[in-house]
$ cat data_8.cif   # mmCIF, C-alpha atoms and all ligand atoms
data_query
loop_
_atom_site.label_atom_id
_atom_site.label_comp_id
_atom_site.auth_asym_id
_atom_site.auth_seq_id
_atom_site.Cartn_x
_atom_site.Cartn_y
_atom_site.Cartn_z
CA MET G 1 -88.08 -5.09 -25.84
CA ASN G 2 -88.86 -8.50 -27.19
CA TYR G 3 -92.26 -10.18 -27.07
CA LYS G 4 -91.61 -12.04 -23.86
CA GLN G 5 -90.51 -8.92 -22.00
CA GLN G 6 -93.49 -6.99 -23.36
CA LEU G 7 -95.86 -9.75 -22.29
CA GLU G 8 -94.41 -9.67 -18.80
CA VAL G 9 -94.95 -5.93 -18.54
CA VAL G 10 -98.50 -6.17 -19.87
CA GLN G 11 -99.36 -9.06 -17.53
CA GLY G 12 -97.93 -6.99 -14.70
CA LEU G 13 -100.66 -4.40 -15.31
CA PHE G 14 -103.14 -6.95 -13.85
CA ILE G 15 -105.97 -5.99 -16.15
CA PRO G 16 -109.02 -8.03 -15.19
CA PRO G 17 -110.44 -10.62 -17.62
CA ASP G 18 -112.85 -9.56 -20.38
CA THR G 19 -111.81 -5.94 -20.29
CA ALA G 20 -110.84 -3.59 -23.10
CA MET G 21 -109.09 -0.41 -22.05
CA ARG G 22 -106.74 2.39 -23.01
CA LEU G 23 -103.93 3.44 -20.75
CA ASP G 24 -100.60 5.23 -20.69
CA CYS G 25 -98.02 3.15 -22.52
CA PRO G 26 -95.40 1.74 -20.14
CA PHE G 27 -93.02 1.27 -23.09
CA CYS G 28 -92.94 4.75 -24.70
CA ASN G 29 -94.73 6.73 -21.94
CA GLY G 30 -97.29 7.78 -24.55
CA LYS G 31 -100.35 9.34 -22.96
CA ASN G 32 -103.26 6.91 -23.22
CA THR G 33 -101.75 5.30 -26.34
CA LEU G 34 -101.75 1.68 -25.21
CA SER G 35 -104.81 -0.38 -25.97
CA VAL G 36 -105.16 -3.65 -24.08
CA ASP G 37 -107.97 -6.14 -24.26
CA THR G 38 -108.32 -9.35 -22.32
CA MET G 39 -111.31 -10.93 -24.04
CA ASN G 40 -111.70 -14.71 -24.04
CA ASN G 41 -108.72 -15.16 -21.78
CA ASN G 42 -106.35 -13.70 -24.39
CA ILE G 43 -104.28 -10.57 -23.99
CA ASN G 44 -103.95 -8.24 -26.97
CA TRP G 45 -101.94 -5.07 -26.68
CA TYR G 46 -101.13 -2.34 -29.15
CA CYS G 47 -99.61 1.13 -28.85
CA PHE G 48 -100.88 3.82 -31.21
CA HIS G 49 -97.69 5.86 -30.86
CA ALA G 50 -95.97 5.68 -34.27
CA SER G 51 -92.47 5.14 -32.96
CA CYS G 52 -93.45 2.60 -30.33
CA SER G 53 -93.12 -1.08 -31.04
CA ALA G 54 -95.46 -2.31 -28.33
CA LYS G 55 -97.73 -4.81 -30.00
CA GLY G 56 -98.51 -8.39 -29.21
CA LYS G 57 -101.00 -11.11 -28.62
CA TYR G 58 -101.02 -13.76 -25.95
CA GLN G 59 -103.42 -16.66 -26.13
CA GLY G 60 -104.46 -17.79 -22.67
CA GLU G 61 -105.65 -21.18 -21.62
CA LYS G 62 -109.19 -21.90 -22.80
CA ASN G 63 -111.08 -22.25 -19.57
CA MET G 64 -114.81 -22.61 -18.91
CA ASP G 65 -115.36 -18.87 -19.31
CA TYR G 66 -114.06 -19.13 -22.83
CA VAL G 67 -116.11 -22.21 -23.66
CA ASN G 68 -119.25 -20.60 -22.32
CA SER G 69 -118.75 -17.29 -24.08
CA THR G 70 -117.81 -18.86 -27.40
CA PHE G 71 -120.09 -21.80 -27.78
CA LYS G 72 -123.10 -20.86 -25.77
CA LYS G 73 -123.49 -17.22 -26.67
CA LYS G 74 -127.18 -17.52 -27.38
CA GLU G 75 -127.88 -18.52 -23.81
CA GLU G 76 -125.59 -15.88 -22.41
CA ASN G 77 -128.24 -13.27 -21.67
CA SER G 78 -128.41 -13.33 -17.89
CA ASP G 79 -131.68 -11.39 -17.77
CA THR G 80 -133.57 -14.17 -19.48
CA GLU G 81 -135.78 -16.05 -17.11
CA PHE G 82 -134.65 -19.60 -16.52
CA ILE G 83 -137.29 -22.25 -16.95
CA VAL G 84 -136.45 -25.64 -15.46
CA PRO G 85 -136.41 -27.98 -18.48
CA ASP G 86 -138.95 -30.79 -18.69
CA SER G 87 -136.06 -33.22 -19.04
CA PHE G 88 -135.11 -32.61 -15.39
CA LYS G 89 -136.59 -35.54 -13.51
CA ILE G 90 -136.60 -36.40 -9.84
CA LEU G 91 -133.30 -37.82 -8.65
CA ASP G 92 -134.93 -41.11 -7.68
CA SER G 93 -135.59 -41.80 -11.35
CA ASN G 94 -131.96 -42.66 -12.10
CA ASP G 95 -129.63 -45.02 -10.28
CA LYS G 96 -126.40 -43.52 -11.65
CA ALA G 97 -127.46 -40.07 -10.46
CA LYS G 98 -128.28 -41.41 -7.01
CA LYS G 99 -124.98 -43.25 -6.91
CA TYR G 100 -123.12 -40.08 -7.88
CA ILE G 101 -124.60 -38.04 -5.07
CA HIS G 102 -123.90 -40.84 -2.56
CA LYS G 103 -120.31 -41.23 -3.63
CA ASN G 104 -119.67 -37.49 -3.62
CA ASN G 105 -121.24 -36.67 -0.26
CA CYS G 106 -124.21 -34.73 -1.63
CA TRP G 107 -126.87 -37.06 -0.26
CA GLU G 108 -127.22 -35.28 3.06
CA ALA G 109 -127.48 -31.82 1.44
CA TRP G 110 -130.12 -33.17 -0.92
CA SER G 111 -132.20 -35.04 1.65
CA TRP G 112 -132.27 -32.06 4.01
CA GLY G 113 -133.30 -29.76 1.18
CA ARG G 114 -130.13 -27.67 1.22
CA ALA G 115 -129.54 -28.52 -2.41
CA ASP G 116 -131.96 -29.05 -5.29
CA ILE G 117 -130.60 -31.97 -7.27
CA LYS G 118 -132.28 -33.60 -10.25
CA TYR G 119 -131.52 -35.93 -13.14
CA ASP G 120 -131.50 -34.62 -16.71
CA VAL G 121 -132.72 -37.53 -18.78
CA LYS G 122 -131.92 -35.72 -22.04
CA GLN G 123 -128.23 -35.12 -21.31
CA ASP G 124 -127.67 -37.95 -18.83
CA ARG G 125 -126.48 -35.58 -16.14
CA VAL G 126 -127.00 -35.11 -12.46
CA VAL G 127 -128.06 -31.46 -12.19
CA PHE G 128 -127.63 -29.00 -9.36
CA LEU G 129 -130.16 -26.17 -9.56
CA ILE G 130 -128.89 -22.69 -8.82
CA ARG G 131 -131.00 -20.50 -6.56
CA ASP G 132 -131.16 -16.76 -7.06
CA ASN G 133 -128.86 -14.84 -4.70
CA GLU G 134 -131.66 -12.62 -3.37
CA ASP G 135 -134.67 -14.88 -3.76
CA PRO G 136 -133.78 -18.51 -2.92
CA THR G 137 -137.22 -19.70 -4.07
CA THR G 138 -136.35 -18.87 -7.69
CA PHE G 139 -134.00 -20.91 -9.87
CA VAL G 140 -131.76 -18.96 -12.24
CA GLY G 141 -129.82 -21.82 -13.78
CA ALA G 142 -128.33 -25.23 -13.19
CA VAL G 143 -125.06 -27.09 -13.40
CA GLY G 144 -125.02 -30.59 -14.78
CA ARG G 145 -122.36 -33.23 -14.22
CA ALA G 146 -122.08 -35.85 -16.97
CA LEU G 147 -122.78 -39.37 -15.76
CA ASN G 148 -120.95 -41.13 -18.56
CA SER G 149 -117.52 -40.65 -20.05
CA ILE G 150 -118.66 -39.73 -23.56
CA THR G 151 -120.72 -36.68 -22.64
CA TYR G 152 -118.87 -33.42 -23.17
CA PRO G 153 -118.27 -31.14 -21.39
CA LYS G 154 -118.08 -32.90 -18.06
CA TRP G 155 -119.81 -29.93 -16.41
CA TYR G 156 -122.54 -28.12 -18.33
CA MET G 157 -124.12 -24.84 -17.32
CA TYR G 158 -127.80 -24.26 -18.01
CA GLY G 159 -129.29 -20.76 -17.90
CA ASN G 160 -127.54 -17.97 -16.05
CA LYS G 161 -123.75 -18.34 -15.93
CA ASP G 162 -123.06 -15.50 -13.51
CA VAL G 163 -124.82 -16.62 -10.37
CA PRO G 164 -122.80 -19.14 -8.37
CA PHE G 165 -124.11 -22.45 -7.11
CA LYS G 166 -124.08 -22.28 -3.34
CA CYS G 167 -125.18 -24.65 -0.65
CA GLY G 168 -125.42 -23.99 3.06
CA LEU G 169 -127.64 -22.82 5.90
CA PRO G 170 -128.94 -19.30 6.48
CA GLU G 171 -127.17 -19.08 9.86
CA HIS G 172 -123.71 -19.76 8.44
CA LYS G 173 -121.15 -17.04 9.05
CA GLU G 174 -118.43 -18.79 7.09
CA ALA G 175 -118.23 -19.70 3.43
CA ILE G 176 -115.76 -21.62 1.32
CA ILE G 177 -115.06 -21.26 -2.38
CA VAL G 178 -114.86 -24.71 -3.91
CA GLU G 179 -114.33 -26.06 -7.41
CA ASP G 180 -117.59 -27.87 -8.04
CA CYS G 181 -121.18 -28.29 -6.83
CA ALA G 182 -120.59 -31.66 -5.18
CA SER G 183 -117.91 -30.13 -2.94
CA ALA G 184 -120.26 -27.25 -2.09
CA CYS G 185 -122.88 -29.79 -0.99
CA ALA G 186 -120.37 -31.86 0.97
CA VAL G 187 -119.41 -28.96 3.25
CA SER G 188 -122.89 -27.47 3.54
CA ASN G 189 -123.84 -28.68 7.01
CA ILE G 190 -120.81 -26.91 8.51
CA LEU G 191 -120.30 -23.90 6.29
CA THR G 192 -121.64 -22.58 3.01
CA GLY G 193 -119.96 -23.89 -0.13
CA VAL G 194 -119.79 -21.65 -3.19
CA ALA G 195 -118.78 -23.38 -6.43
CA ILE G 196 -116.83 -21.45 -9.06
CA LEU G 197 -116.68 -24.26 -11.65
CA GLY G 198 -113.37 -23.47 -13.23
CA THR G 199 -114.32 -19.90 -13.97
CA SER G 200 -112.86 -16.73 -12.56
CA LEU G 201 -114.65 -14.85 -9.81
CA LYS G 202 -117.52 -12.80 -11.12
CA GLU G 203 -119.01 -9.66 -9.65
CA SER G 204 -122.05 -11.62 -8.43
CA HIS G 205 -119.78 -14.11 -6.60
CA LYS G 206 -118.06 -11.29 -4.75
CA GLN G 207 -121.36 -9.56 -3.98
CA TYR G 208 -122.72 -12.79 -2.58
CA LEU G 209 -119.64 -13.46 -0.43
CA LYS G 210 -119.84 -10.04 1.26
CA GLN G 211 -122.37 -11.37 3.78
CA TYR G 212 -119.88 -13.81 5.35
CA ASP G 213 -117.54 -13.06 8.26
CA LYS G 214 -114.91 -15.47 7.10
CA ILE G 215 -114.14 -16.91 3.67
CA TYR G 216 -111.98 -19.90 2.88
CA ILE G 217 -110.61 -20.83 -0.51
CA GLY G 218 -110.75 -24.61 -0.90
CA LEU G 219 -109.87 -25.30 -4.50
CA ASP G 220 -108.30 -28.51 -5.77
CA ARG G 221 -104.84 -29.44 -4.57
CA ASP G 222 -103.39 -28.62 -7.98
CA ALA G 223 -104.96 -25.16 -8.01
CA THR G 224 -102.81 -23.66 -5.28
CA LYS G 225 -101.69 -20.65 -7.30
CA LYS G 226 -105.27 -20.01 -8.32
CA SER G 227 -106.32 -20.23 -4.66
CA TYR G 228 -103.96 -17.41 -3.74
CA ASP G 229 -105.03 -15.38 -6.78
CA VAL G 230 -108.67 -15.74 -5.74
CA ALA G 231 -107.79 -14.80 -2.14
CA ASN G 232 -105.98 -11.69 -3.33
CA GLU G 233 -108.83 -10.73 -5.59
CA LEU G 234 -111.29 -10.98 -2.69
CA LYS G 235 -109.01 -8.97 -0.44
CA SER G 236 -108.66 -6.22 -3.00
CA TYR G 237 -112.46 -6.24 -3.25
CA GLY G 238 -112.52 -5.33 0.42
CA LEU G 239 -113.08 -8.70 2.07
CA GLN G 240 -110.40 -9.04 4.73
CA ASN G 241 -111.01 -12.33 6.52
CA VAL G 242 -109.96 -14.58 3.62
CA HIS G 243 -107.92 -17.76 4.06
CA VAL G 244 -106.56 -20.35 1.68
CA LYS G 245 -107.42 -23.78 3.10
CA PRO G 246 -104.85 -26.46 2.26
CA LEU G 247 -106.62 -29.68 1.27
CA SER G 248 -105.43 -33.25 1.19
CA ASP G 249 -108.16 -34.12 -1.30
CA ASP G 250 -111.28 -32.74 -2.98
CA LEU G 251 -113.86 -31.72 -0.39
CA LYS G 252 -116.50 -33.92 -2.02
CA TYR G 253 -114.64 -36.98 -0.74
CA PHE G 254 -115.17 -36.01 2.90
CA ASN G 255 -118.30 -36.59 4.95
CA THR G 256 -119.84 -34.07 7.32
CA LYS G 257 -118.00 -35.41 10.34
CA GLU G 258 -114.65 -35.08 8.60
CA ILE G 259 -115.52 -31.61 7.30
CA LYS G 260 -116.47 -30.59 10.82
CA GLU G 261 -113.11 -31.72 12.16
CA MET G 262 -111.37 -29.91 9.34
CA PHE G 263 -113.03 -26.57 10.08
CA ASN G 264 -114.13 -26.57 13.72
CA GLY G 265 -111.72 -29.12 15.10
CA GLY G 266 -108.90 -26.59 15.20
CA GLU G 267 -110.94 -24.09 17.16
CA ASN G 268 -107.92 -23.25 19.33
CA GLU G 269 -105.87 -22.23 16.30
CA LYS G 270 -108.41 -19.46 15.72
CA ARG G 271 -106.88 -16.27 14.38
ZN ZN J 301 -96.05 2.93 -26.67
#
$ encode --input "data_8.cif" --output "structure tokens" --more "lines below"
Ligand SMILES: [Zn+2]
Amino acid sequence: MNYKQQLEVVQGLFIPPDTAMRLDCPFCNGKNTLSVDTMNNNINWYCFHASCSAKGKYQGEKNMDYVNSTFKKKEENSDTEFIVPDSFKILDSNDKAKKYIHKNNCWEAWSWGRADIKYDVKQDRVVFLIRDNEDPTTFVGAVGRALNSITYPKWYMYGNKDVPFKCGLPEHKEAIIVEDCASACAVSNILTGVAILGTSLKESHKQYLKQYDKIYIGLDRDATKKSYDVANELKSYGLQNVHVKPLSDDLKYFNTKEIKEMFNGGENEKR
């Protein structure tokens, strides 16, 4: 089998990201001889059976998970307490930050206290503070969106990287997985938005989503395949009422009234 065929077989094993494991080799049927690891979005496989030629390396796309795990390792410890940096100022202190939240339909979520949004004067970012899943009065991290084109990366994660940013109301029975924090805020009067920020679903995301009766996947238009992958992952986790929501544009470009029509308007097409 050539490399490409081998890669196809190994990918077909659907080994989750950041996993190293031993399993029976699908090429030589060797018992527990195949080692596969999927660290940093790569796939490395190797069979220890002497006569087996299974061996290869596939370098995956470098997504946010990779960037975070490679360049920000020192902050990676999720048990460390997050202290809101002094450089986080009130939103009113910066016009660009205020303009950003207006333009991206976060203003309502912010003014009603559904989202904690600040301005990081040090990094020139509008920052969305992440509340703890169990204790919403505690912040465990933040996500900052660059307000100028030279700041890299566009989205920066402060503190804990495992807890999702979410925005909604306690009475919500429905949640939607969205790409970024602004979209989570934009939907938050109608249903709870949960931002995954270009990463894959983490255990804490799935744990958090368990409380909802219905879950939509509302990722960017160009992330359709990813939407279905995420839906399948949630279903195999045991969440059954999961639906991919086709979008004509990013949710952050819609106001509450439009979001309401999008989700409640079709009440008669309920399934
Ligand atoms: Zn083998």
$ atom_distance --input "data_8.cif" --atom1 "atom CA of Phe254 of chain G" --atom2 "atom CA of Cys181 of chain G"
13.8 Å
$ residues_around --input "data_8.cif" --residues "Asn105 of chain G" --least-positions-apart "5" --cutoff "9 Å" --atoms "all atoms listed in the file" --output "PyMOL selection string"
chain G and resi 100+182-183+185-187+251-256
$ write_last_selection --input "data_8.cif" --atoms "C-alpha atoms" --output "CSV table (one decimal), in the coordinates of the input"
chain,number,residue,atom,x,y,z
G,100,TYR,CA,-123.1,-40.1,-7.9
G,182,ALA,CA,-120.6,-31.7,-5.2
G,183,SER,CA,-117.9,-30.1,-2.9
G,185,CYS,CA,-122.9,-29.8,-1.0
G,186,ALA,CA,-120.4,-31.9,1.0
G,187,VAL,CA,-119.4,-29.0,3.2
G,251,LEU,CA,-113.9,-31.7,-0.4
G,252,LYS,CA,-116.5,-33.9,-2.0
G,253,TYR,CA,-114.6,-37.0,-0.7
G,254,PHE,CA,-115.2,-36.0,2.9
G,255,ASN,CA,-118.3,-36.6,5.0
G,256,THR,CA,-119.8,-34.1,7.3
$ residues_around --input "data_8.cif" --residues "segment 157-171 of chain G" --least-positions-apart "6" --cutoff "7 Å" --atoms "only C-alpha atoms" --output "PyMOL selection string"
chain G and resi 75-76+78+82+114-115+130+140-144+181+184-185+188-189+191-196+202+204-205
$ residues_near_ligand --input "data_8.cif" --ligand "ligand ZN 301 (chain J)" --cutoff "12 Å" --atoms "all atoms listed in the file" --output "VMD selection string"
chain G and resid 1 6 10 22 to 36 45 to 56
$ atom_distance --input "data_8.cif" --atom1 "atom CA of Leu209 of chain G" --atom2 "atom CA of Ile83 of chain G"
25.7 Å
$ residues_around --input "data_8.cif" --residues "Leu239 of chain G" --least-positions-apart "3" --cutoff "10 Å" --atoms "all atoms listed in the file" --output "MDAnalysis selection string"
chainID G and resid 206 209:215 231:236 242
